[in-house]
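Here's model00.csv, which has CSV, C-alpha atoms:
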```csv
chain,number,residue,atom,x,y,z
X,1,MET,CA,110.1,24.1,88.0
X,2,HIS,CA,111.2,21.8,85.2
X,3,ASP,CA,113.7,19.0,86.0
X,4,ASN,CA,116.3,19.5,83.2
X,5,SER,CA,117.4,15.9,83.5
X,6,ILE,CA,114.1,14.7,82.1
X,7,ARG,CA,113.7,14.0,78.4
X,8,ALA,CA,110.4,13.1,76.8
X,9,ILE,CA,108.8,12.5,73.5
X,10,ASP,CA,105.1,13.3,72.7
X,11,ALA,CA,104.4,10.0,70.9
X,12,HIS,CA,101.1,11.1,69.2
X,13,ILE,CA,100.0,14.6,68.2
X,14,HIS,CA,98.1,16.1,65.2
X,15,LEU,CA,100.6,18.8,64.7
X,16,ASP,CA,99.2,19.8,61.3
X,17,GLN,CA,95.9,20.8,63.0
X,18,TYR,CA,97.6,23.7,64.8
X,19,THR,CA,98.2,27.1,63.1
X,20,PRO,CA,101.8,27.6,61.8
X,21,GLU,CA,102.4,30.1,64.6
X,22,ALA,CA,101.2,27.7,67.2
X,23,GLN,CA,103.3,24.9,65.7
X,24,GLN,CA,106.5,26.9,66.0
X,25,LYS,CA,105.6,28.1,69.5
X,26,LEU,CA,104.6,24.6,70.7
X,27,LEU,CA,107.8,23.0,69.4
X,28,SER,CA,110.0,25.7,70.8
X,29,GLU,CA,108.4,25.6,74.2
X,30,ALA,CA,108.3,21.8,74.3
X,31,ALA,CA,112.0,21.6,73.5
X,32,ALA,CA,112.8,24.1,76.2
X,33,ALA,CA,110.9,21.9,78.7
X,34,GLY,CA,112.6,18.7,77.7
X,35,VAL,CA,110.1,17.4,75.2
X,36,GLY,CA,112.5,17.3,72.3
X,37,GLN,CA,110.5,15.4,69.8
X,38,VAL,CA,106.9,14.6,68.7
X,39,VAL,CA,105.4,11.9,66.6
X,40,ALA,CA,103.2,13.8,64.2
X,41,VAL,CA,100.4,11.7,62.8
X,42,SER,CA,98.3,12.3,59.7
X,43,MET,CA,94.6,12.1,58.8
X,44,ARG,CA,94.5,11.6,55.0
X,45,TYR,CA,96.5,12.5,51.9
X,46,ASP,CA,96.5,16.3,52.3
X,47,SER,CA,97.3,15.8,56.0
X,48,CYS,CA,100.2,13.5,55.1
X,49,GLN,CA,101.6,16.3,52.8
X,50,ALA,CA,101.3,18.8,55.7
X,51,THR,CA,103.0,16.5,58.1
X,52,HIS,CA,105.8,15.8,55.6
X,53,ALA,CA,106.3,19.6,55.3
X,54,LEU,CA,106.5,19.9,59.1
X,55,ALA,CA,109.1,17.1,59.3
X,56,LYS,CA,111.2,18.9,56.6
X,57,ALA,CA,110.9,22.2,58.5
X,58,TYR,CA,111.7,20.7,61.9
X,59,PRO,CA,113.8,17.6,61.1
X,60,ASP,CA,115.2,17.2,64.6
X,61,GLN,CA,111.9,17.5,66.4
X,62,VAL,CA,109.1,16.0,64.1
X,63,ILE,CA,108.9,12.3,63.5
X,64,PRO,CA,106.2,11.9,60.8
X,65,ALA,CA,103.6,9.2,60.4
X,66,TYR,CA,101.5,8.8,57.3
X,67,GLY,CA,98.2,7.1,57.0
X,68,PHE,CA,94.4,7.5,57.0
X,69,HIS,CA,92.4,8.1,60.2
X,70,PRO,CA,89.5,5.7,60.4
X,71,GLU,CA,86.9,8.1,62.0
X,72,GLN,CA,85.9,9.4,58.6
X,73,SER,CA,84.3,8.2,55.4
X,74,LEU,CA,86.5,5.7,53.5
X,75,PRO,CA,88.6,7.1,50.7
X,76,SER,CA,87.7,6.5,47.1
X,77,ALA,CA,89.7,3.8,45.3
X,78,GLU,CA,91.5,6.5,43.4
X,79,ASP,CA,92.4,8.4,46.6
X,80,GLU,CA,93.5,5.3,48.4
X,81,ALA,CA,95.8,4.4,45.5
X,82,LEU,CA,97.2,7.9,45.5
X,83,LEU,CA,97.9,7.8,49.2
X,84,PHE,CA,99.7,4.4,49.1
X,85,GLN,CA,101.7,5.5,46.0
X,86,TRP,CA,102.7,8.8,47.9
X,87,ILE,CA,103.8,6.9,51.0
X,88,ARG,CA,105.9,4.4,48.9
X,89,ALA,CA,107.5,7.4,47.1
X,90,HIS,CA,109.0,8.6,50.5
X,91,THR,CA,110.7,5.3,51.6
X,92,ASP,CA,114.1,7.0,51.7
X,93,GLU,CA,112.9,9.1,54.7
X,94,ARG,CA,112.2,8.1,58.3
X,95,PHE,CA,108.4,7.8,59.0
X,96,ALA,CA,105.8,5.6,60.6
X,97,ILE,CA,102.5,4.3,59.2
X,98,GLY,CA,99.7,6.2,61.0
X,99,GLU,CA,97.2,7.1,62.2
X,100,VAL,CA,95.3,4.1,60.9
X,101,GLY,CA,92.8,1.7,62.5
X,102,LEU,CA,89.0,1.2,62.9
X,103,PRO,CA,86.1,3.6,63.4
X,104,TYR,CA,84.9,2.6,66.8
X,105,TYR,CA,83.4,6.0,67.8
X,106,ASN,CA,81.7,6.7,64.4
X,107,ARG,CA,80.3,3.1,64.4
X,108,GLN,CA,78.9,3.5,68.0
X,109,GLU,CA,77.3,6.8,67.0
X,110,ALA,CA,75.7,5.3,63.8
X,111,GLU,CA,74.4,2.2,65.7
X,112,ALA,CA,73.0,4.4,68.5
X,113,SER,CA,70.9,6.3,66.0
X,114,GLY,CA,69.8,3.1,64.2
X,115,GLN,CA,71.9,3.6,61.1
X,116,PRO,CA,73.6,0.7,59.4
X,117,PHE,CA,77.4,0.8,59.4
X,118,ALA,CA,79.7,-1.3,57.1
X,119,LEU,CA,82.9,-2.1,58.9
X,120,GLU,CA,84.3,-4.5,56.2
X,121,GLY,CA,85.9,-1.7,54.1
X,122,TYR,CA,87.7,-0.3,57.1
X,123,ILE,CA,89.1,-3.7,58.0
X,124,ALA,CA,90.3,-4.2,54.4
X,125,LEU,CA,92.0,-0.8,54.4
X,126,LEU,CA,93.7,-1.5,57.8
X,127,ASP,CA,94.8,-4.8,56.4
X,128,ARG,CA,96.5,-3.0,53.6
X,129,PHE,CA,98.2,-0.6,56.0
X,130,VAL,CA,99.5,-3.4,58.2
X,131,GLU,CA,100.8,-5.2,55.1
X,132,LEU,CA,102.5,-1.9,54.1
X,133,ALA,CA,104.1,-1.6,57.6
X,134,ARG,CA,105.5,-5.1,57.2
X,135,GLU,CA,106.7,-4.4,53.6
X,136,LEU,CA,108.5,-1.2,54.5
X,137,ASP,CA,109.5,-2.3,58.0
X,138,ARG,CA,108.0,0.7,59.7
X,139,PRO,CA,106.2,1.1,63.1
X,140,ILE,CA,102.4,1.4,62.8
X,141,VAL,CA,100.3,3.8,64.9
X,142,LEU,CA,96.8,2.4,65.6
X,143,HIS,CA,93.5,3.9,66.5
X,144,ALA,CA,91.8,0.7,67.7
X,145,VAL,CA,89.9,0.5,71.0
X,146,TYR,CA,87.8,-2.0,72.8
X,147,GLU,CA,86.7,-4.9,70.5
X,148,ASP,CA,88.3,-3.2,67.5
X,149,ALA,CA,91.7,-3.8,69.1
X,150,ASP,CA,91.1,-7.6,68.7
X,151,ILE,CA,90.6,-7.2,65.0
X,152,ALA,CA,93.7,-5.1,64.8
X,153,CYS,CA,95.6,-7.7,66.7
X,154,ASP,CA,94.4,-10.4,64.2
X,155,LEU,CA,95.8,-8.4,61.3
X,156,LEU,CA,99.1,-7.6,63.1
X,157,GLU,CA,99.5,-11.3,63.8
X,158,LYS,CA,98.5,-12.3,60.2
X,159,HIS,CA,101.2,-10.1,58.8
X,160,ARG,CA,103.7,-10.8,61.6
X,161,VAL,CA,104.0,-7.1,62.5
X,162,THR,CA,105.3,-6.5,66.0
X,163,ARG,CA,106.3,-2.8,65.9
X,164,ALA,CA,102.7,-1.7,66.8
X,165,HIS,CA,101.7,1.4,68.8
X,166,PHE,CA,98.0,1.5,70.0
X,167,HIS,CA,97.5,5.2,70.9
X,168,TRP,CA,95.0,6.2,73.7
X,169,PHE,CA,94.1,2.6,74.1
X,170,LYS,CA,91.2,1.2,76.1
X,171,GLY,CA,90.2,-2.5,76.1
X,172,ALA,CA,89.2,-5.7,77.8
X,173,PRO,CA,91.6,-7.5,80.1
X,174,HIS,CA,92.0,-10.4,77.6
X,175,THR,CA,92.9,-7.9,74.9
X,176,VAL,CA,95.4,-6.2,77.2
X,177,GLU,CA,97.0,-9.5,77.9
X,178,ARG,CA,97.3,-10.4,74.2
X,179,MET,CA,98.8,-7.1,73.4
X,180,ILE,CA,101.4,-7.3,76.2
X,181,ARG,CA,102.3,-10.9,75.1
X,182,ASN,CA,102.8,-9.7,71.5
X,183,GLY,CA,105.1,-6.8,72.6
X,184,TYR,CA,102.8,-4.0,71.4
X,185,PHE,CA,103.1,-0.5,72.8
X,186,ILE,CA,100.4,1.7,74.1
X,187,SER,CA,100.6,5.5,74.8
X,188,ILE,CA,99.0,7.3,77.7
X,189,THR,CA,97.4,10.7,77.5
X,190,PRO,CA,96.8,13.4,80.2
X,191,ASP,CA,93.5,11.8,81.1
X,192,VAL,CA,95.5,9.4,83.2
X,193,LEU,CA,95.4,12.2,85.8
X,194,TYR,CA,91.6,11.8,86.2
X,195,GLU,CA,90.4,8.6,84.5
X,196,SER,CA,90.4,5.5,86.7
X,197,GLU,CA,90.1,3.3,83.6
X,198,ILE,CA,93.4,4.6,82.3
X,199,GLN,CA,95.0,4.4,85.7
X,200,ASP,CA,94.1,0.7,86.0
X,201,LEU,CA,95.5,0.2,82.5
X,202,VAL,CA,98.8,1.8,83.5
X,203,ARG,CA,99.0,-0.5,86.5
X,204,ALA,CA,98.4,-3.6,84.3
X,205,TYR,CA,100.7,-2.7,81.4
X,206,PRO,CA,104.5,-3.2,81.7
X,207,ILE,CA,106.2,0.2,81.8
X,208,GLU,CA,108.7,-1.2,79.2
X,209,GLN,CA,105.8,-1.1,76.7
X,210,LEU,CA,104.4,2.3,77.6
X,211,MET,CA,104.8,5.7,76.0
X,212,VAL,CA,103.2,9.1,76.6
X,213,GLU,CA,101.2,11.3,74.2
X,214,THR,CA,98.8,14.3,74.0
X,215,ASP,CA,96.8,13.6,70.9
X,216,GLY,CA,96.7,17.4,70.6
X,217,PRO,CA,94.8,19.5,69.8
X,218,TRP,CA,92.3,17.2,71.5
X,219,PRO,CA,91.3,19.0,74.7
X,220,PHE,CA,91.6,17.6,78.2
X,221,GLU,CA,89.8,18.1,81.5
X,222,GLY,CA,90.9,18.3,85.1
X,223,LEU,CA,94.2,20.2,85.5
X,224,PHE,CA,94.1,21.0,81.8
X,225,GLU,CA,90.6,22.3,81.5
X,226,GLY,CA,90.4,25.2,79.0
X,227,GLN,CA,94.0,25.0,78.0
X,228,GLN,CA,95.3,24.4,74.5
X,229,THR,CA,96.8,20.9,74.4
X,230,HIS,CA,100.6,21.2,74.5
X,231,PRO,CA,103.4,18.6,74.2
X,232,LYS,CA,104.6,19.8,77.6
X,233,MET,CA,101.6,18.0,79.1
X,234,VAL,CA,103.3,14.7,78.7
X,235,LEU,CA,105.6,15.7,81.7
X,236,ASP,CA,102.5,15.5,83.9
X,237,VAL,CA,101.6,12.2,82.4
X,238,ILE,CA,105.1,10.8,83.2
X,239,LYS,CA,104.8,11.9,86.8
X,240,ALA,CA,101.3,10.2,87.0
X,241,ILE,CA,102.8,6.9,85.5
X,242,ALA,CA,105.7,7.1,88.0
X,243,ASP,CA,103.3,7.4,90.9
X,244,LEU,CA,101.1,4.5,89.6
X,245,LYS,CA,104.2,2.3,89.1
X,246,SER,CA,105.8,3.5,92.5
X,247,ILE,CA,109.0,4.6,90.9
X,248,SER,CA,110.7,7.9,90.6
X,249,THR,CA,109.7,10.4,87.9
X,250,ALA,CA,113.3,10.4,86.6
X,251,GLU,CA,113.3,6.6,86.2
X,252,ALA,CA,109.9,6.5,84.6
X,253,ALA,CA,110.9,9.3,82.2
X,254,SER,CA,114.0,7.5,81.2
X,255,ILE,CA,112.2,4.2,80.4
X,256,LEU,CA,109.3,5.9,78.6
X,257,TYR,CA,111.8,8.0,76.5
X,258,ASN,CA,113.9,4.9,75.6
X,259,ASN,CA,110.8,3.0,74.7
X,260,THR,CA,109.7,5.7,72.2
X,261,VAL,CA,113.2,6.0,70.7
X,262,THR,CA,113.4,2.2,70.3
X,263,LEU,CA,110.0,1.9,68.5
X,264,TYR,CA,110.5,4.9,66.2
X,265,THR,CA,114.1,4.7,65.2
```
What's the structure tokens form of this structure?
Amino acid sequence: MHDNSIRAIDAHIHLDQYTPEAQQKLLSEAAAAGVGQVVAVSMRYDSCQATHALAKAYPDQVIPAYGFHPEQSLPSAEDEALLFQWIRAHTDERFAIGEVGLPYYNRQEAEASGQPFALEGYIALLDRFVELARELDRPIVLHAVYEDADIACDLLEKHRVTRAHFHWFKGAPHTVERMIRNGYFISITPDVLYESEIQDLVRAYPIEQLMVETDGPWPFEGLFEGQQTHPKMVLDVIKAIADLKSISTAEAASILYNNTVTLYT
């Protein structure tokens, strides 16, 4: 049974990738369970428009983020200009910059099959997004794992951006220490229930810099095998974090909720 005193925010979900019927159902069920808001990230220009429409339709529940996901081919110069122009045209509204970052998984795949992969264009695009976050004073949502996180940190430091959120982060101890020192946030997914690497990360990272997310509709294993990814799953993530931090679920929930509110408002 759900503890009605617990409030939570799903800090990273691709809401536009669900059907309209599923979007309405998920948001309604999530709110009833105590997950009152979600941070809805975008993949590219058309995705930004869809996320914007969701934020208009569900203003109390959807915090939008606009950007270009790095695990795809780079946009043309024309499409890139259009996207930045569109984001700047909405500065009277609340939004974050994201999901942006570097293509770790596509690069690994290319290199494993002996294909060349040019990272420079992706770094240049991320540099523009970090600069935009600084210019507009918005939080930035990052897809940057392992050694890519170090490049992202370099750009954040270069532009003096501190309101940074590394979603579903994995990385080396020296990178973790650097991110903690710089005040960056990370968000934890349901894989904390069965991935020792993520459990170790939660133990190492201050709870004052943690949030919870689903990255839905990305599917999970373990307890969630075969289920459609739902914002309610963050309640299980909160309990797992509480156990790893040896504090009560209510205390963990309160801290994680306040962290997310602080970063995104």
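As for CA of Ile198 (chain X) and CA of Ser254 (chain X), they are spaced 20.8 Å apart.
With distances taken over all atoms listed in the file, X:Thr162 is the one residue among X:Thr91, X:Thr162, X:Gln72, X:Gln209 lying closest to Pro139 (chain X).
With all atoms listed in the file as the basis for measurement, X:Ala240 is the residue among X:Ala240, X:Met43, X:Ala30, X:Cys153 that approaches Val192 (chain X) most closely.
Distances here use all atoms listed in the file; by that measure, the residue among X:Asp92, X:Asp236, X:Asp215, X:Asp243 closest to Leu15 (chain X) is X:Asp215.
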If we count only C-alpha atoms, what is near Gln37 (chain X) at a cut-off of 10 Å, once residues fewer than 2 positions away on the same chain are taken out, given as a VMD selection string? chain X and resid 7 to 11 27 30 to 31 34 to 35 39 to 40 58 to 63 231 261
Need to verify the contact set: region 163-173 of chain X, 6 Å, all atoms listed in the file, exclusion of same-chain residues closer than 5 positions in sequence. Can you return it as a VMD selection string? chain X and resid 139 to 142 145 to 146 184 to 188
Nearest to Ser28 (chain X): which of X:Glu111, X:Ser73, X:Glu120, X:His230 is it, counting only C-alpha atoms? X:His230
Neighbouring residues of Tyr66 (chain X) were defined as those with any atom within 7 Å, considering all atoms listed in the file; residues of the same chain fewer than 6 positions away were excluded. Please report them as number ranges by chain. X: 41-42, 48, 87, 96-99
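Straight-line separation from CA of Ile207 (chain X) to CA of Leu156 (chain X): 21.5 Å.
The space separating CA of His52 (chain X) from CA of Ala22 (chain X) comes to 17.2 Å.
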Using all atoms listed in the file, which of X:Asp191, X:Asp127, X:Glu225, X:Glu135 sits nearest Ala152 (chain X)? X:Asp127
Just want the 12 Å neighbourhood of Pro190 (chain X), counted on all atoms listed in the file, with same-chain residues fewer than 4 positions away dropped. Output as a PDB file with C-alpha atoms, in the coordinates of the input.
```pdb
ATOM      1  CA  ASP X  10     105.100  13.300  72.700  1.00  0.00           C
ATOM      2  CA  TRP X 168      95.000   6.200  73.700  1.00  0.00           C
ATOM      3  CA  TYR X 194      91.600  11.800  86.200  1.00  0.00           C
ATOM      4  CA  GLU X 195      90.400   8.600  84.500  1.00  0.00           C
ATOM      5  CA  ILE X 198      93.400   4.600  82.300  1.00  0.00           C
ATOM      6  CA  GLN X 199      95.000   4.400  85.700  1.00  0.00           C
ATOM      7  CA  MET X 211     104.800   5.700  76.000  1.00  0.00           C
ATOM      8  CA  VAL X 212     103.200   9.100  76.600  1.00  0.00           C
ATOM      9  CA  GLU X 213     101.200  11.300  74.200  1.00  0.00           C
ATOM     10  CA  THR X 214      98.800  14.300  74.000  1.00  0.00           C
ATOM     11  CA  ASP X 215      96.800  13.600  70.900  1.00  0.00           C
ATOM     12  CA  GLY X 216      96.700  17.400  70.600  1.00  0.00           C
ATOM     13  CA  TRP X 218      92.300  17.200  71.500  1.00  0.00           C
ATOM     14  CA  PRO X 219      91.300  19.000  74.700  1.00  0.00           C
ATOM     15  CA  PHE X 220      91.600  17.600  78.200  1.00  0.00           C
ATOM     16  CA  GLU X 221      89.800  18.100  81.500  1.00  0.00           C
ATOM     17  CA  GLY X 222      90.900  18.300  85.100  1.00  0.00           C
ATOM     18  CA  LEU X 223      94.200  20.200  85.500  1.00  0.00           C
ATOM     19  CA  PHE X 224      94.100  21.000  81.800  1.00  0.00           C
ATOM     20  CA  GLU X 225      90.600  22.300  81.500  1.00  0.00           C
ATOM     21  CA  THR X 229      96.800  20.900  74.400  1.00  0.00           C
ATOM     22  CA  HIS X 230     100.600  21.200  74.500  1.00  0.00           C
ATOM     23  CA  PRO X 231     103.400  18.600  74.200  1.00  0.00           C
ATOM     24  CA  LYS X 232     104.600  19.800  77.600  1.00  0.00           C
ATOM     25  CA  MET X 233     101.600  18.000  79.100  1.00  0.00           C
ATOM     26  CA  VAL X 234     103.300  14.700  78.700  1.00  0.00           C
ATOM     27  CA  LEU X 235     105.600  15.700  81.700  1.00  0.00           C
ATOM     28  CA  ASP X 236     102.500  15.500  83.900  1.00  0.00           C
ATOM     29  CA  VAL X 237     101.600  12.200  82.400  1.00  0.00           C
ATOM     30  CA  ILE X 238     105.100  10.800  83.200  1.00  0.00           C
ATOM     31  CA  LYS X 239     104.800  11.900  86.800  1.00  0.00           C
ATOM     32  CA  ALA X 240     101.300  10.200  87.000  1.00  0.00           C
ATOM     33  CA  ILE X 241     102.800   6.900  85.500  1.00  0.00           C
TER      34      ILE X 241
END
```
